[in-house]
Amino acid sequence: MTAPTLHCPCERRYDAPAFVYDAPPVGETTFDLGDQPYHRAYSRCQACGHWYSENAMDLSELYSGVYVDTTYGDRMRVTFDRILALPAGSSDNAGRVNCVLEFAARWFRSGKVPNLLDVGSGLGVFPYRMKEAGWRCTALDPDARAGEHARNVVGVSAIVGDFLAIPSEQLGRFDVISFNKVLEHVPDPSAMLGRAAGHLSEGGFVYIEVPDAAASADGSGREEFFIEHLHVFSPASLAMLVERSGFSPVEIERLREPSSKYTIRAFLSRDSML
């Protein structure tokens, strides 16, 4: 597996060993990794607080099929409906939607109808709710089943493929680009944000959510440190990633979501601050 790419000025000079796993923690999804022995670890930067996965297992094909097979199987519609039915106070997505809508109301001129690209859309619950709010939405996911689900169930436009590899003419430009729990899954989150810069309309913003390393206080069994997470962030490491990728952080906030996830969310701009 490709090692996580350096993305902050620390250059891993201040790394220290952290969690070590010789078996999956309770609750982690069991992916079919063939005959590969299970062993992985995390290193923590003592300067910026970023956590890096140290993982020799090959997860390169995870998001082209294995992730959906294992996480949802043929239950995409059922899971989608279940999440939509959650009361607002129990829904991570409801908080996300409200936060983005409130920020957009301050950021854009009155009456603007933004168009949104949601990268790594999965079940599409976020673009579904944004569509309900009147936004024009496009879901992007590497799995063809997620694309079909986005078109036929979510009711939005869909692009299937790797965000870093899709030809620019297939993407176009968007007022808002969102990465909801996506950047932690890729070796080089800086490259992904850098690609977004070329597809953001003038005056637009990027919205991101990533797992917060504050979860480490609860021990190594937290889902923030499950196998698919190559990075776990701190506010400092996220801010450095943002600036290295050509953006300015407008807001960075820590929160504990209704699901109990430790999360950092941020709004980014390539233009002047609010």
# chains A, B, ... in the order shown; residues from 1 in each chain; ligands from 1
call {"tool": "residues_around", "arguments": {"residues": "Phe267 (chain A)", "least_positions_apart": "4", "cutoff": "7 Å", "atoms": "only C-alpha atoms", "output": "JSON, numbers by chain"}}
result
{"A": [205, 206, 207, 208, 249, 250, 251, 252]}
call {"tool": "residues_around", "arguments": {"residues": "region 19-35 of chain A", "least_positions_apart": "6", "cutoff": "6 Å", "atoms": "only C-alpha atoms", "output": "list in words"}}
result
Ala41, Tyr42 and Gly221 of chain A
call {"tool": "atom_distance", "arguments": {"atom1": "CA of Arg151 (chain A)", "atom2": "CA of Gly134 (chain A)"}}
result
16.7 Å
call {"tool": "residues_around", "arguments": {"residues": "Trp107 (chain A)", "least_positions_apart": "5", "cutoff": "9 Å", "atoms": "only C-alpha atoms", "output": "list of chain:residue names"}}
result
A:Glu102, A:Gly203, A:Gly204, A:Phe205, A:Leu274
call {"tool": "residues_around", "arguments": {"residues": "His231 (chain A)", "least_positions_apart": "3", "cutoff": "6 Å", "atoms": "only C-alpha atoms", "output": "VMD selection string"}}
result
chain A and resid 51 to 52 184
call {"tool": "residues_around", "arguments": {"residues": "Val176 (chain A)", "least_positions_apart": "3", "cutoff": "10 Å", "atoms": "only C-alpha atoms", "output": "MDAnalysis selection string"}}
result
chainID A and resid 100 104 114:118 137 173 196 199:201 203:207 267:269
call {"tool": "write_last_selection", "arguments": {"atoms": "N, CA and C atoms", "output": "short mmCIF file (atom, residue, chain, number, x, y, z; two decimals), in the first residue's frame"}}
result
data_model
loop_
_atom_site.label_atom_id
_atom_site.label_comp_id
_atom_site.auth_asym_id
_atom_site.auth_seq_id
_atom_site.Cartn_x
_atom_site.Cartn_y
_atom_site.Cartn_z
N VAL A 100 -23.68 23.91 6.69
CA VAL A 100 -23.31 24.36 5.35
C VAL A 100 -24.31 25.40 4.84
N ALA A 104 -23.32 29.16 3.82
CA ALA A 104 -23.59 29.61 2.46
C ALA A 104 -24.45 30.86 2.43
N PRO A 114 -26.57 27.72 -5.31
CA PRO A 114 -25.25 27.13 -5.57
C PRO A 114 -25.34 25.76 -6.23
N ASN A 115 -24.29 25.41 -6.96
CA ASN A 115 -24.16 24.03 -7.42
C ASN A 115 -23.03 23.37 -6.63
N LEU A 116 -23.27 22.13 -6.23
CA LEU A 116 -22.42 21.41 -5.29
C LEU A 116 -21.85 20.16 -5.94
N LEU A 117 -20.56 19.91 -5.72
CA LEU A 117 -19.94 18.63 -6.04
C LEU A 117 -19.58 17.97 -4.72
N ASP A 118 -20.18 16.80 -4.44
CA ASP A 118 -19.87 16.05 -3.23
C ASP A 118 -18.96 14.90 -3.60
N CYS A 137 -27.01 19.59 -7.38
CA CYS A 137 -26.02 18.70 -6.77
C CYS A 137 -25.50 17.65 -7.75
N ARG A 173 -16.94 23.20 -13.16
CA ARG A 173 -16.70 24.04 -11.98
C ARG A 173 -17.94 24.08 -11.10
N ALA A 196 -9.19 20.12 -6.25
CA ALA A 196 -10.43 20.85 -6.05
C ALA A 196 -10.28 22.33 -6.41
N HIS A 199 -11.37 23.34 -9.80
CA HIS A 199 -12.77 23.13 -10.17
C HIS A 199 -13.73 23.93 -9.30
N LEU A 200 -13.19 24.88 -8.56
CA LEU A 200 -14.00 25.74 -7.71
C LEU A 200 -14.28 27.05 -8.45
N SER A 201 -15.54 27.40 -8.55
CA SER A 201 -15.91 28.65 -9.21
C SER A 201 -15.40 29.84 -8.40
N GLY A 203 -15.27 32.79 -6.13
CA GLY A 203 -16.14 33.14 -5.02
C GLY A 203 -16.75 31.95 -4.31
N GLY A 204 -16.37 30.73 -4.68
CA GLY A 204 -16.93 29.54 -4.05
C GLY A 204 -16.16 29.15 -2.81
N PHE A 205 -16.58 28.03 -2.19
CA PHE A 205 -15.86 27.53 -1.02
C PHE A 205 -15.85 26.01 -1.02
N VAL A 206 -14.91 25.47 -0.23
CA VAL A 206 -14.79 24.04 -0.02
C VAL A 206 -15.19 23.73 1.41
N TYR A 207 -15.94 22.65 1.58
CA TYR A 207 -16.32 22.19 2.92
C TYR A 207 -15.72 20.82 3.15
N PHE A 267 -14.32 25.25 6.59
CA PHE A 267 -14.68 25.92 5.34
C PHE A 267 -13.43 26.60 4.81
N LEU A 268 -13.19 26.43 3.52
CA LEU A 268 -11.98 26.94 2.88
C LEU A 268 -12.34 27.85 1.73
N SER A 269 -11.47 28.81 1.49
CA SER A 269 -11.67 29.73 0.38
C SER A 269 -10.34 30.00 -0.34
#
call {"tool": "closest_residue", "arguments": {"among": "A:Phe225, A:Phe233, A:Phe103, A:Tyr262", "to": "Glu54 (chain A)", "atoms": "only C-alpha atoms"}}
result
A:Phe225
call {"tool": "atom_distance", "arguments": {"atom1": "CA of Arg109 (chain A)", "atom2": "CA of Thr138 (chain A)"}}
result
21.5 Å
call {"tool": "atom_distance", "arguments": {"atom1": "CA of Ser234 (chain A)", "atom2": "CA of Ser53 (chain A)"}}
result
14.4 Å
call {"tool": "closest_residue", "arguments": {"among": "A:Leu230, A:Arg96, A:Ser90, A:Arg75", "to": "Arg40 (chain A)", "atoms": "only C-alpha atoms"}}
result
A:Leu230
call {"tool": "residues_around", "arguments": {"residues": "Gln170 (chain A)", "least_positions_apart": "2", "cutoff": "12 Å", "atoms": "only C-alpha atoms", "output": "PyMOL selection string"}}
result
chain A and resi 138+140+158-168+172-173+199
call {"tool": "residues_around", "arguments": {"residues": "Pro235 (chain A)", "least_positions_apart": "2", "cutoff": "8 Å", "atoms": "only C-alpha atoms", "output": "list of chain:residue names"}}
result
A:Asp212, A:Phe233, A:Ser237, A:Leu238, A:Ala239, A:Ile252, A:Glu253, A:Arg254, A:Ile264
call {"tool": "select_by_dssp", "arguments": {"residues": "region 33-237 of chain A", "states": "alpha helix (DSSP H)", "output": "ChimeraX atom specification"}}
result
/A:66-71,76-84,92-107,125-132,144-149,168-171,189-197,235-237
call {"tool": "write_last_selection", "arguments": {"atoms": "C-alpha atoms", "output": "PDB file, in the first residue's frame"}}
result
ATOM      1  CA  VAL A  66     -14.764  -3.963  -1.734  1.00  0.00           C
ATOM      2  CA  TYR A  67     -15.863  -1.052   0.462  1.00  0.00           C
ATOM      3  CA  VAL A  68     -19.424  -0.991  -0.891  1.00  0.00           C
ATOM      4  CA  ASP A  69     -19.620  -4.805  -0.960  1.00  0.00           C
ATOM      5  CA  THR A  70     -18.642  -5.074   2.683  1.00  0.00           C
ATOM      6  CA  THR A  71     -20.241  -1.954   4.139  1.00  0.00           C
ATOM      7  CA  MET A  76     -27.707   0.742  -0.055  1.00  0.00           C
ATOM      8  CA  ARG A  77     -31.333   1.825  -0.400  1.00  0.00           C
ATOM      9  CA  VAL A  78     -32.293   0.413   3.000  1.00  0.00           C
ATOM     10  CA  THR A  79     -29.369   2.132   4.708  1.00  0.00           C
ATOM     11  CA  PHE A  80     -30.070   5.383   2.857  1.00  0.00           C
ATOM     12  CA  ASP A  81     -33.715   5.348   3.988  1.00  0.00           C
ATOM     13  CA  ARG A  82     -32.745   4.509   7.564  1.00  0.00           C
ATOM     14  CA  ILE A  83     -30.340   7.434   7.809  1.00  0.00           C
ATOM     15  CA  LEU A  84     -32.838   9.854   6.300  1.00  0.00           C
ATOM     16  CA  ASP A  92     -24.771  13.711  11.841  1.00  0.00           C
ATOM     17  CA  ASN A  93     -26.007  14.659   8.380  1.00  0.00           C
ATOM     18  CA  ALA A  94     -28.687  17.012   9.696  1.00  0.00           C
ATOM     19  CA  GLY A  95     -26.025  18.986  11.568  1.00  0.00           C
ATOM     20  CA  ARG A  96     -23.803  19.010   8.493  1.00  0.00           C
ATOM     21  CA  VAL A  97     -26.570  20.316   6.241  1.00  0.00           C
ATOM     22  CA  ASN A  98     -27.574  23.054   8.672  1.00  0.00           C
ATOM     23  CA  CYS A  99     -23.969  24.156   9.096  1.00  0.00           C
ATOM     24  CA  VAL A 100     -23.309  24.360   5.346  1.00  0.00           C
ATOM     25  CA  LEU A 101     -26.591  26.153   4.627  1.00  0.00           C
ATOM     26  CA  GLU A 102     -25.934  28.718   7.341  1.00  0.00           C
ATOM     27  CA  PHE A 103     -22.415  29.361   6.080  1.00  0.00           C
ATOM     28  CA  ALA A 104     -23.588  29.612   2.458  1.00  0.00           C
ATOM     29  CA  ALA A 105     -26.246  32.149   3.429  1.00  0.00           C
ATOM     30  CA  ARG A 106     -23.475  34.401   4.735  1.00  0.00           C
ATOM     31  CA  TRP A 107     -20.972  33.638   1.966  1.00  0.00           C
ATOM     32  CA  VAL A 125     -27.568  11.497   2.057  1.00  0.00           C
ATOM     33  CA  PHE A 126     -25.798  14.878   2.062  1.00  0.00           C
ATOM     34  CA  PRO A 127     -26.494  15.812  -1.590  1.00  0.00           C
ATOM     35  CA  TYR A 128     -30.061  14.536  -1.146  1.00  0.00           C
ATOM     36  CA  ARG A 129     -30.732  17.007   1.657  1.00  0.00           C
ATOM     37  CA  MET A 130     -28.930  19.801  -0.185  1.00  0.00           C
ATOM     38  CA  LYS A 131     -31.104  19.079  -3.222  1.00  0.00           C
ATOM     39  CA  GLU A 132     -34.144  19.388  -0.956  1.00  0.00           C
ATOM     40  CA  ALA A 144     -20.411   2.466 -10.124  1.00  0.00           C
ATOM     41  CA  ARG A 145     -23.133   1.263  -7.764  1.00  0.00           C
ATOM     42  CA  ALA A 146     -22.891   4.479  -5.771  1.00  0.00           C
ATOM     43  CA  GLY A 147     -23.249   6.426  -9.020  1.00  0.00           C
ATOM     44  CA  GLU A 148     -26.333   4.453 -10.016  1.00  0.00           C
ATOM     45  CA  HIS A 149     -27.771   4.938  -6.541  1.00  0.00           C
ATOM     46  CA  SER A 168     -11.095  18.041 -16.101  1.00  0.00           C
ATOM     47  CA  GLU A 169     -13.666  18.479 -18.862  1.00  0.00           C
ATOM     48  CA  GLN A 170     -15.849  15.847 -17.204  1.00  0.00           C
ATOM     49  CA  LEU A 171     -15.917  17.782 -13.949  1.00  0.00           C
ATOM     50  CA  PRO A 189      -5.015  14.602   0.872  1.00  0.00           C
ATOM     51  CA  SER A 190      -3.050  17.630  -0.307  1.00  0.00           C
ATOM     52  CA  ALA A 191      -3.284  16.430  -3.913  1.00  0.00           C
ATOM     53  CA  MET A 192      -7.031  15.956  -3.577  1.00  0.00           C
ATOM     54  CA  LEU A 193      -7.562  19.456  -2.208  1.00  0.00           C
ATOM     55  CA  GLY A 194      -5.216  20.848  -4.846  1.00  0.00           C
ATOM     56  CA  ARG A 195      -7.355  19.252  -7.570  1.00  0.00           C
ATOM     57  CA  ALA A 196     -10.433  20.853  -6.052  1.00  0.00           C
ATOM     58  CA  ALA A 197      -8.881  24.291  -6.452  1.00  0.00           C
ATOM     59  CA  PRO A 235      -6.813  21.444  13.916  1.00  0.00           C
ATOM     60  CA  ALA A 236      -3.162  22.450  13.421  1.00  0.00           C
ATOM     61  CA  SER A 237      -2.373  19.709  10.915  1.00  0.00           C
TER      62      SER A 237
END
call {"tool": "closest_residue", "arguments": {"among": "A:Lys181, A:Lys261, A:Gly198, A:Arg13", "to": "Gly246 (chain A)", "atoms": "only C-alpha atoms"}}
result
A:Gly198
call {"tool": "decode", "arguments": {"residues": "region 194-225 of chain A", "atoms": "C-alpha atoms", "output": "tab-separated table (two decimals), in the first residue's frame"}}
result
chain	number	residue	atom	x	y	z
A	194	GLY	CA	-5.22	20.85	-4.85
A	195	ARG	CA	-7.36	19.25	-7.57
A	196	ALA	CA	-10.43	20.85	-6.05
A	197	ALA	CA	-8.88	24.29	-6.45
A	198	GLY	CA	-9.07	23.96	-10.23
A	199	HIS	CA	-12.77	23.13	-10.17
A	200	LEU	CA	-14.00	25.74	-7.71
A	201	SER	CA	-15.91	28.65	-9.21
A	202	GLU	CA	-14.77	32.17	-8.40
A	203	GLY	CA	-16.14	33.14	-5.02
A	204	GLY	CA	-16.93	29.54	-4.05
A	205	PHE	CA	-15.86	27.53	-1.02
A	206	VAL	CA	-14.79	24.04	-0.02
A	207	TYR	CA	-16.32	22.19	2.92
A	208	ILE	CA	-14.46	19.34	4.60
A	209	GLU	CA	-14.93	16.98	7.52
A	210	VAL	CA	-12.16	14.76	8.88
A	211	PRO	CA	-11.71	12.58	11.98
A	212	ASP	CA	-10.27	14.38	14.99
A	213	ALA	CA	-7.25	12.88	16.77
A	214	ALA	CA	-8.82	14.03	20.05
A	215	ALA	CA	-10.56	10.63	19.88
A	216	SER	CA	-7.26	9.08	21.00
A	217	ALA	CA	-8.12	10.09	24.56
A	218	ASP	CA	-10.76	7.35	24.48
A	219	GLY	CA	-8.25	4.67	23.45
A	220	SER	CA	-7.23	2.75	20.37
A	221	GLY	CA	-10.62	1.18	19.74
A	222	ARG	CA	-12.22	4.37	18.45
A	223	GLU	CA	-13.55	4.23	14.87
A	224	GLU	CA	-11.48	7.28	13.99
A	225	PHE	CA	-8.53	4.86	13.97
